[in-house]
file upload_8.cif (mmCIF, C-alpha atoms, pLDDT in the B column; chains and numbers go by the auth columns)
data_start
loop_
_atom_site.group_PDB
_atom_site.id
_atom_site.type_symbol
_atom_site.label_atom_id
_atom_site.label_comp_id
_atom_site.label_asym_id
_atom_site.label_seq_id
_atom_site.Cartn_x
_atom_site.Cartn_y
_atom_site.Cartn_z
_atom_site.B_iso_or_equiv
_atom_site.auth_seq_id
_atom_site.auth_asym_id
ATOM 1 C CA MET A 1 92.329 133.740 143.527 70.00 19 M
ATOM 2 C CA ARG A 2 93.513 134.267 139.975 72.00 20 M
ATOM 3 C CA LYS A 3 95.806 131.221 140.173 68.00 21 M
ATOM 4 C CA ILE A 4 92.953 129.044 141.410 69.00 22 M
ATOM 5 C CA PHE A 5 90.728 130.249 138.582 61.00 23 M
ATOM 6 C CA LEU A 6 93.456 129.520 135.990 58.00 24 M
ATOM 7 C CA LEU A 7 94.054 126.069 137.487 59.00 25 M
ATOM 8 C CA PHE A 8 90.304 125.331 137.405 62.00 26 M
ATOM 9 C CA LEU A 9 90.109 126.535 133.793 57.00 27 M
ATOM 10 C CA LEU A 10 93.101 124.375 132.830 57.00 28 M
ATOM 11 C CA ILE A 11 91.549 121.284 134.411 62.00 29 M
ATOM 12 C CA LEU A 12 88.182 121.996 132.814 53.00 30 M
ATOM 13 C CA THR A 13 89.635 122.415 129.313 58.00 31 M
ATOM 14 C CA ASN A 14 91.667 119.201 129.573 53.00 32 M
ATOM 15 C CA MET A 15 88.699 117.019 130.584 46.00 33 M
ATOM 16 C CA PRO A 16 87.620 116.206 126.985 42.00 34 M
ATOM 17 C CA CYS A 17 91.212 115.238 126.163 39.00 35 M
ATOM 18 C CA LEU A 18 91.286 112.755 129.013 36.00 36 M
ATOM 19 C CA GLN A 19 88.001 111.190 127.954 42.00 37 M
ATOM 20 C CA ALA A 20 89.032 110.935 124.297 43.00 38 M
ATOM 21 C CA GLY A 21 92.153 108.936 125.198 51.00 39 M
ATOM 22 C CA GLU A 22 90.290 106.033 126.779 79.00 40 M
ATOM 23 C CA PHE A 23 89.916 104.063 123.519 89.00 41 M
ATOM 24 C CA ILE A 24 92.554 101.448 122.798 91.00 42 M
ATOM 25 C CA LYS A 25 93.731 100.840 119.235 92.00 43 M
ATOM 26 C CA ILE A 26 93.448 97.280 117.921 92.00 44 M
ATOM 27 C CA LYS A 27 97.075 97.480 116.832 92.00 45 M
ATOM 28 C CA GLU A 28 98.093 98.102 120.463 92.00 46 M
ATOM 29 C CA LEU A 29 95.916 95.225 121.692 90.00 47 M
ATOM 30 C CA LEU A 30 97.631 92.809 119.332 90.00 48 M
ATOM 31 C CA ALA A 31 101.131 94.205 119.945 92.00 49 M
ATOM 32 C CA LYS A 32 100.804 93.961 123.753 91.00 50 M
ATOM 33 C CA SER A 33 98.409 91.013 123.840 87.00 51 M
ATOM 34 C CA SER A 34 99.913 89.366 126.938 89.00 52 M
ATOM 35 C CA PHE A 35 99.413 92.600 128.911 92.00 53 M
ATOM 36 C CA TRP A 36 95.809 93.136 127.758 91.00 54 M
ATOM 37 C CA ASP A 37 94.774 89.454 127.990 90.00 55 M
ATOM 38 C CA SER A 38 91.532 89.014 130.017 90.00 56 M
ATOM 39 C CA LYS A 39 91.322 92.753 130.786 92.00 57 M
ATOM 40 C CA GLU A 40 88.407 95.059 130.098 93.00 58 M
ATOM 41 C CA VAL A 41 89.013 97.256 127.045 94.00 59 M
ATOM 42 C CA GLU A 42 87.121 99.867 125.075 96.00 60 M
ATOM 43 C CA VAL A 43 87.571 100.084 121.305 95.00 61 M
ATOM 44 C CA LYS A 44 86.114 102.336 118.616 95.00 62 M
ATOM 45 C CA ALA A 45 86.184 100.832 115.114 94.00 63 M
ATOM 46 C CA GLU A 46 84.382 100.373 111.780 94.00 64 M
ATOM 47 C CA VAL A 47 82.178 97.340 111.164 94.00 65 M
ATOM 48 C CA LEU A 48 83.527 94.988 108.483 93.00 66 M
ATOM 49 C CA ASP A 49 81.000 92.172 108.713 92.00 67 M
ATOM 50 C CA VAL A 50 78.298 90.706 110.952 93.00 68 M
ATOM 51 C CA LEU A 51 77.750 86.944 111.287 92.00 69 M
ATOM 52 C CA ARG A 52 74.626 86.002 113.251 92.00 70 M
ATOM 53 C CA ARG A 53 74.592 82.705 115.185 90.00 71 M
ATOM 54 C CA LYS A 54 72.148 80.995 117.584 91.00 72 M
ATOM 55 C CA LYS A 55 73.929 82.052 120.782 90.00 73 M
ATOM 56 C CA GLY A 56 75.056 85.472 119.558 91.00 74 M
ATOM 57 C CA SER A 57 76.839 87.270 116.735 92.00 75 M
ATOM 58 C CA TRP A 58 80.377 87.713 115.482 93.00 76 M
ATOM 59 C CA ILE A 59 81.340 91.192 114.340 94.00 77 M
ATOM 60 C CA ASN A 60 84.545 91.823 112.456 94.00 78 M
ATOM 61 C CA ILE A 61 85.840 95.319 113.137 95.00 79 M
ATOM 62 C CA LEU A 62 88.501 97.424 111.426 93.00 80 M
ATOM 63 C CA ASP A 63 90.681 100.097 113.028 91.00 81 M
ATOM 64 C CA GLN A 64 93.467 101.749 110.995 89.00 82 M
ATOM 65 C CA GLY A 65 93.894 98.748 108.700 89.00 83 M
ATOM 66 C CA VAL A 66 93.922 96.132 111.483 92.00 84 M
ATOM 67 C CA SER A 67 90.910 93.872 112.025 92.00 85 M
ATOM 68 C CA LEU A 68 89.693 91.834 114.986 94.00 86 M
ATOM 69 C CA GLY A 69 86.715 89.621 115.808 93.00 87 M
ATOM 70 C CA VAL A 70 84.170 90.550 118.469 94.00 88 M
ATOM 71 C CA TRP A 71 81.802 88.024 120.047 93.00 89 M
ATOM 72 C CA VAL A 72 78.444 89.548 121.003 94.00 90 M
ATOM 73 C CA PRO A 73 76.281 87.225 123.139 93.00 91 M
ATOM 74 C CA LYS A 74 72.478 87.304 122.737 92.00 92 M
ATOM 75 C CA GLU A 75 72.159 89.148 126.081 92.00 93 M
ATOM 76 C CA VAL A 76 74.033 92.186 124.728 90.00 94 M
ATOM 77 C CA GLU A 77 71.905 94.512 122.616 90.00 95 M
ATOM 78 C CA LEU A 78 73.391 94.921 119.151 88.00 96 M
ATOM 79 C CA PRO A 79 72.662 98.263 117.436 91.00 97 M
ATOM 80 C CA GLN A 80 71.248 98.148 113.918 92.00 98 M
ATOM 81 C CA ILE A 81 74.215 98.084 111.550 90.00 99 M
ATOM 82 C CA ILE A 82 73.487 99.360 108.051 91.00 100 M
ATOM 83 C CA TYR A 83 76.854 100.047 106.426 91.00 101 M
ATOM 84 C CA LEU A 84 79.754 97.581 106.280 92.00 102 M
ATOM 85 C CA ALA A 85 83.273 98.757 105.435 89.00 103 M
ATOM 86 C CA GLY A 86 84.255 98.054 101.850 86.00 104 M
ATOM 87 C CA PRO A 87 85.838 99.589 98.775 85.00 105 M
ATOM 88 C CA GLU A 88 82.962 102.039 98.231 85.00 106 M
ATOM 89 C CA GLU A 89 81.505 102.336 101.756 89.00 107 M
ATOM 90 C CA ARG A 90 82.642 103.404 105.186 90.00 108 M
ATOM 91 C CA GLY A 91 81.308 101.042 107.805 91.00 109 M
ATOM 92 C CA ASP A 92 79.251 102.150 110.782 93.00 110 M
ATOM 93 C CA LEU A 93 81.514 103.344 113.601 94.00 111 M
ATOM 94 C CA ILE A 94 80.792 101.471 116.824 95.00 112 M
ATOM 95 C CA ARG A 95 82.081 101.641 120.382 96.00 113 M
ATOM 96 C CA ILE A 96 82.724 98.277 122.043 95.00 114 M
ATOM 97 C CA ARG A 97 83.362 97.643 125.721 95.00 115 M
ATOM 98 C CA GLY A 98 84.335 94.126 126.691 94.00 116 M
ATOM 99 C CA ARG A 99 87.094 91.698 127.629 93.00 117 M
ATOM 100 C CA PHE A 100 90.040 91.104 125.309 94.00 118 M
ATOM 101 C CA TYR A 101 91.239 87.511 125.007 92.00 119 M
ATOM 102 C CA PHE A 102 94.464 86.617 123.266 90.00 120 M
ATOM 103 C CA ASN A 103 93.682 82.893 123.278 86.00 121 M
ATOM 104 C CA ASN A 104 90.054 82.229 124.226 80.00 122 M
ATOM 105 C CA PRO A 105 89.487 78.497 124.889 79.00 123 M
ATOM 106 C CA ARG A 106 85.683 78.864 124.538 80.00 124 M
ATOM 107 C CA HIS A 107 86.082 80.024 120.946 77.00 125 M
ATOM 108 C CA LEU A 108 88.803 77.634 119.720 78.00 126 M
ATOM 109 C CA GLY A 109 91.728 79.840 120.721 80.00 127 M
ATOM 110 C CA GLN A 110 90.551 82.956 118.914 83.00 128 M
ATOM 111 C CA THR A 111 92.109 86.352 119.582 90.00 129 M
ATOM 112 C CA MET A 112 88.973 88.365 120.202 91.00 130 M
ATOM 113 C CA ILE A 113 86.922 90.724 122.308 94.00 131 M
ATOM 114 C CA SER A 114 83.917 89.392 124.194 92.00 132 M
ATOM 115 C CA ALA A 115 81.514 92.343 124.117 93.00 133 M
ATOM 116 C CA GLU A 116 79.655 93.545 127.197 94.00 134 M
ATOM 117 C CA LYS A 117 78.254 96.732 125.662 94.00 135 M
ATOM 118 C CA ILE A 118 78.070 98.037 122.084 94.00 136 M
ATOM 119 C CA SER A 119 76.854 101.432 120.948 94.00 137 M
ATOM 120 C CA LEU A 120 76.678 103.170 117.604 94.00 138 M
ATOM 121 C CA VAL A 121 78.946 106.238 117.397 94.00 139 M
ATOM 122 C CA LYS A 122 78.435 107.321 113.791 93.00 140 M
ATOM 123 C CA ARG A 123 76.654 105.987 110.714 93.00 141 M
ATOM 124 C CA GLY A 124 78.836 104.986 107.805 90.00 142 M
ATOM 125 C CA GLY A 125 77.992 105.760 104.218 90.00 143 M
ATOM 126 C CA LYS A 126 78.939 105.571 100.596 88.00 144 M
ATOM 127 C CA PHE A 127 81.804 107.649 99.262 82.00 145 M
ATOM 128 C CA SER A 128 83.063 108.459 95.806 78.00 146 M
ATOM 129 C CA LEU A 129 86.451 107.367 94.535 76.00 147 M
ATOM 130 C CA GLU A 130 86.567 110.099 91.884 81.00 148 M
ATOM 131 C CA PRO A 131 89.607 112.382 92.102 82.00 149 M
ATOM 132 C CA SER A 132 89.007 115.975 93.134 86.00 150 M
ATOM 133 C CA LEU A 133 89.089 118.903 90.702 90.00 151 M
ATOM 134 C CA LYS A 134 92.525 119.957 92.018 93.00 152 M
ATOM 135 C CA LYS A 135 93.963 116.524 91.285 92.00 153 M
ATOM 136 C CA ARG A 136 92.470 116.476 87.791 92.00 154 M
ATOM 137 C CA ARG A 137 93.950 119.904 87.010 95.00 155 M
ATOM 138 C CA ALA A 138 97.347 118.833 88.327 95.00 156 M
ATOM 139 C CA LEU A 139 97.226 115.684 86.186 95.00 157 M
ATOM 140 C CA PHE A 140 96.298 117.735 83.116 96.00 158 M
ATOM 141 C CA LEU A 141 99.187 120.176 83.723 96.00 159 M
ATOM 142 C CA TRP A 142 101.695 117.350 84.232 97.00 160 M
ATOM 143 C CA ALA A 143 100.495 115.619 81.039 97.00 161 M
ATOM 144 C CA LEU A 144 100.767 118.897 79.109 97.00 162 M
ATOM 145 C CA LEU A 145 104.277 119.498 80.478 96.00 163 M
ATOM 146 C CA PHE A 146 105.277 115.942 79.543 96.00 164 M
ATOM 147 C CA LEU A 147 103.959 116.354 75.979 96.00 165 M
ATOM 148 C CA ILE A 148 105.737 119.704 75.492 97.00 166 M
ATOM 149 C CA THR A 149 109.016 118.303 76.862 96.00 167 M
ATOM 150 C CA GLY A 150 108.735 115.221 74.641 94.00 168 M
ATOM 151 C CA THR A 151 107.993 117.332 71.547 95.00 169 M
ATOM 152 C CA VAL A 152 110.973 119.642 72.206 94.00 170 M
ATOM 153 C CA TYR A 153 113.240 116.637 72.749 94.00 171 M
ATOM 154 C CA LEU A 154 112.017 114.999 69.516 92.00 172 M
ATOM 155 C CA ILE A 155 112.517 118.187 67.455 91.00 173 M
ATOM 156 C CA ARG A 156 116.059 118.688 68.809 90.00 174 M
ATOM 157 C CA ASN A 157 117.013 115.096 68.050 89.00 175 M
ATOM 158 C CA LEU A 158 115.620 115.334 64.502 86.00 176 M
ATOM 159 C CA ARG A 159 117.590 118.547 63.860 82.00 177 M
ATOM 160 C CA TYR A 160 120.737 116.976 65.272 79.00 178 M
ATOM 161 C CA ALA A 161 120.219 113.836 63.156 77.00 179 M
ATOM 162 C CA ARG A 162 119.789 115.918 59.979 79.00 180 M
ATOM 163 C CA GLY A 163 122.898 117.956 60.746 73.00 181 M
ATOM 164 C CA THR A 164 125.118 114.901 61.260 73.00 182 M
ATOM 165 C CA SER A 165 123.895 112.917 58.249 65.00 183 M
ATOM 166 C CA LYS A 166 124.776 115.684 55.692 56.00 184 M
ATOM 167 C CA THR A 167 128.466 115.695 56.496 52.00 185 M
#

call {"tool": "encode", "arguments": {"input": "upload_8.cif", "output": "structure tokens"}}
result
Amino acid sequence: MRKIFLLFLLILTNMPCLQAGEFIKIKELLAKSSFWDSKEVEVKAEVLDVLRRKKGSWINILDQGVSLGVWVPKEVELPQIIYLAGPEERGDLIRIRGRFYFNNPRHLGQTMISAEKISLVKRGGKFSLEPSLKKRRALFLWALLFLITGTVYLIRNLRYARGTSKT
């Protein structure tokens, strides 16, 4: 009975891990594009840009420094996107389920995802590029150490220069 309980507990605690691993990285899609071509994929990424067209919208997404285009037809409901990824903003984090195409003939040979469902995971926001207090203190200490070392070096060289010029 105890073994069954431990096995049940082990399975139950590993369930969230199995669900979290279902997202595919864009880097993997592009690296193994022939394998993933025309297959259904699920990606979680930041929104870079949204381009609205008559028949749908293009969304550029960013995942760990790699970007990819996503075609969203009019039939698919697009969540309201407020923040776009940039130098001072984190883009809205969205979850996209759709088909990956390495060379889509309908869209002039684009490598893309044709979205079937999009949902908002987390709102983006503005962030500050100011260094933290720890980093500022470390910079101040390094600058102070550099100035002290330079002053000591200069004084020693001046003393040595005076001593050699008198003889």

call {"tool": "atom_distance", "arguments": {"input": "upload_8.cif", "atom1": "atom CA of M:Lys50", "atom2": "atom CA of M:Val65"}}
result
22.7 Å

call {"tool": "closest_residue", "arguments": {"input": "upload_8.cif", "among": "M:Trp160, M:Trp89, M:Tyr178, M:Phe41", "to": "M:Leu69", "atoms": "all atoms listed in the file"}}
result
M:Trp89

call {"tool": "residues_around", "arguments": {"input": "upload_8.cif", "residues": "M:Leu111", "least_positions_apart": "4", "cutoff": "6 Å", "atoms": "all atoms listed in the file", "output": "list of chain:residue names"}}
result
M:Ala63, M:Glu64, M:Val139, M:Lys140

call {"tool": "resolve_selection", "arguments": {"input": "upload_8.cif", "expression": "the PyMOL selection byres ((chain M and resi 84) around 10)", "output": "PyMOL selection string"}}
result
chain M and resi 43-45+48+63+79-83+85-86

call {"tool": "closest_residue", "arguments": {"input": "upload_8.cif", "among": "M:Pro105, M:Asn121, M:Val90, M:Asp67", "to": "M:Ser52", "atoms": "all atoms listed in the file"}}
result
M:Asn121

call {"tool": "atom_distance", "arguments": {"input": "upload_8.cif", "atom1": "atom CA of M:Thr129", "atom2": "atom CA of M:Arg141"}}
result
26.5 Å

call {"tool": "atom_distance", "arguments": {"input": "upload_8.cif", "atom1": "atom CA of M:Gly109", "atom2": "atom CA of M:Ala133"}}
result
18.5 Å

call {"tool": "residues_around", "arguments": {"input": "upload_8.cif", "residues": "M:Ser137", "least_positions_apart": "5", "cutoff": "8 Å", "atoms": "all atoms listed in the file", "output": "ChimeraX atom specification"}}
result
/M:96-97,112-114

call {"tool": "axis_aligned_box", "arguments": {"input": "upload_8.cif", "around": "stretch 97-110 of chain M", "padding_each_side": "6 Å", "output": "lines of an AutoDock Vina configuration file"}}
result
center_x = 78.5
center_y = 100.5
center_z = 107.8
size_x = 26.6
size_y = 17.8
size_z = 31.2

call {"tool": "closest_residue", "arguments": {"input": "upload_8.cif", "among": "M:Trp54, M:Trp76, M:Tyr171, M:Tyr101", "to": "M:His125", "atoms": "all atoms listed in the file"}}
result
M:Trp76

call {"tool": "resolve_selection", "arguments": {"input": "upload_8.cif", "expression": "the PyMOL selection byres ((chain M and resi 134) around 8)", "output": "ChimeraX atom specification"}}
result
/M:90,94,114-117,132-133,135-136
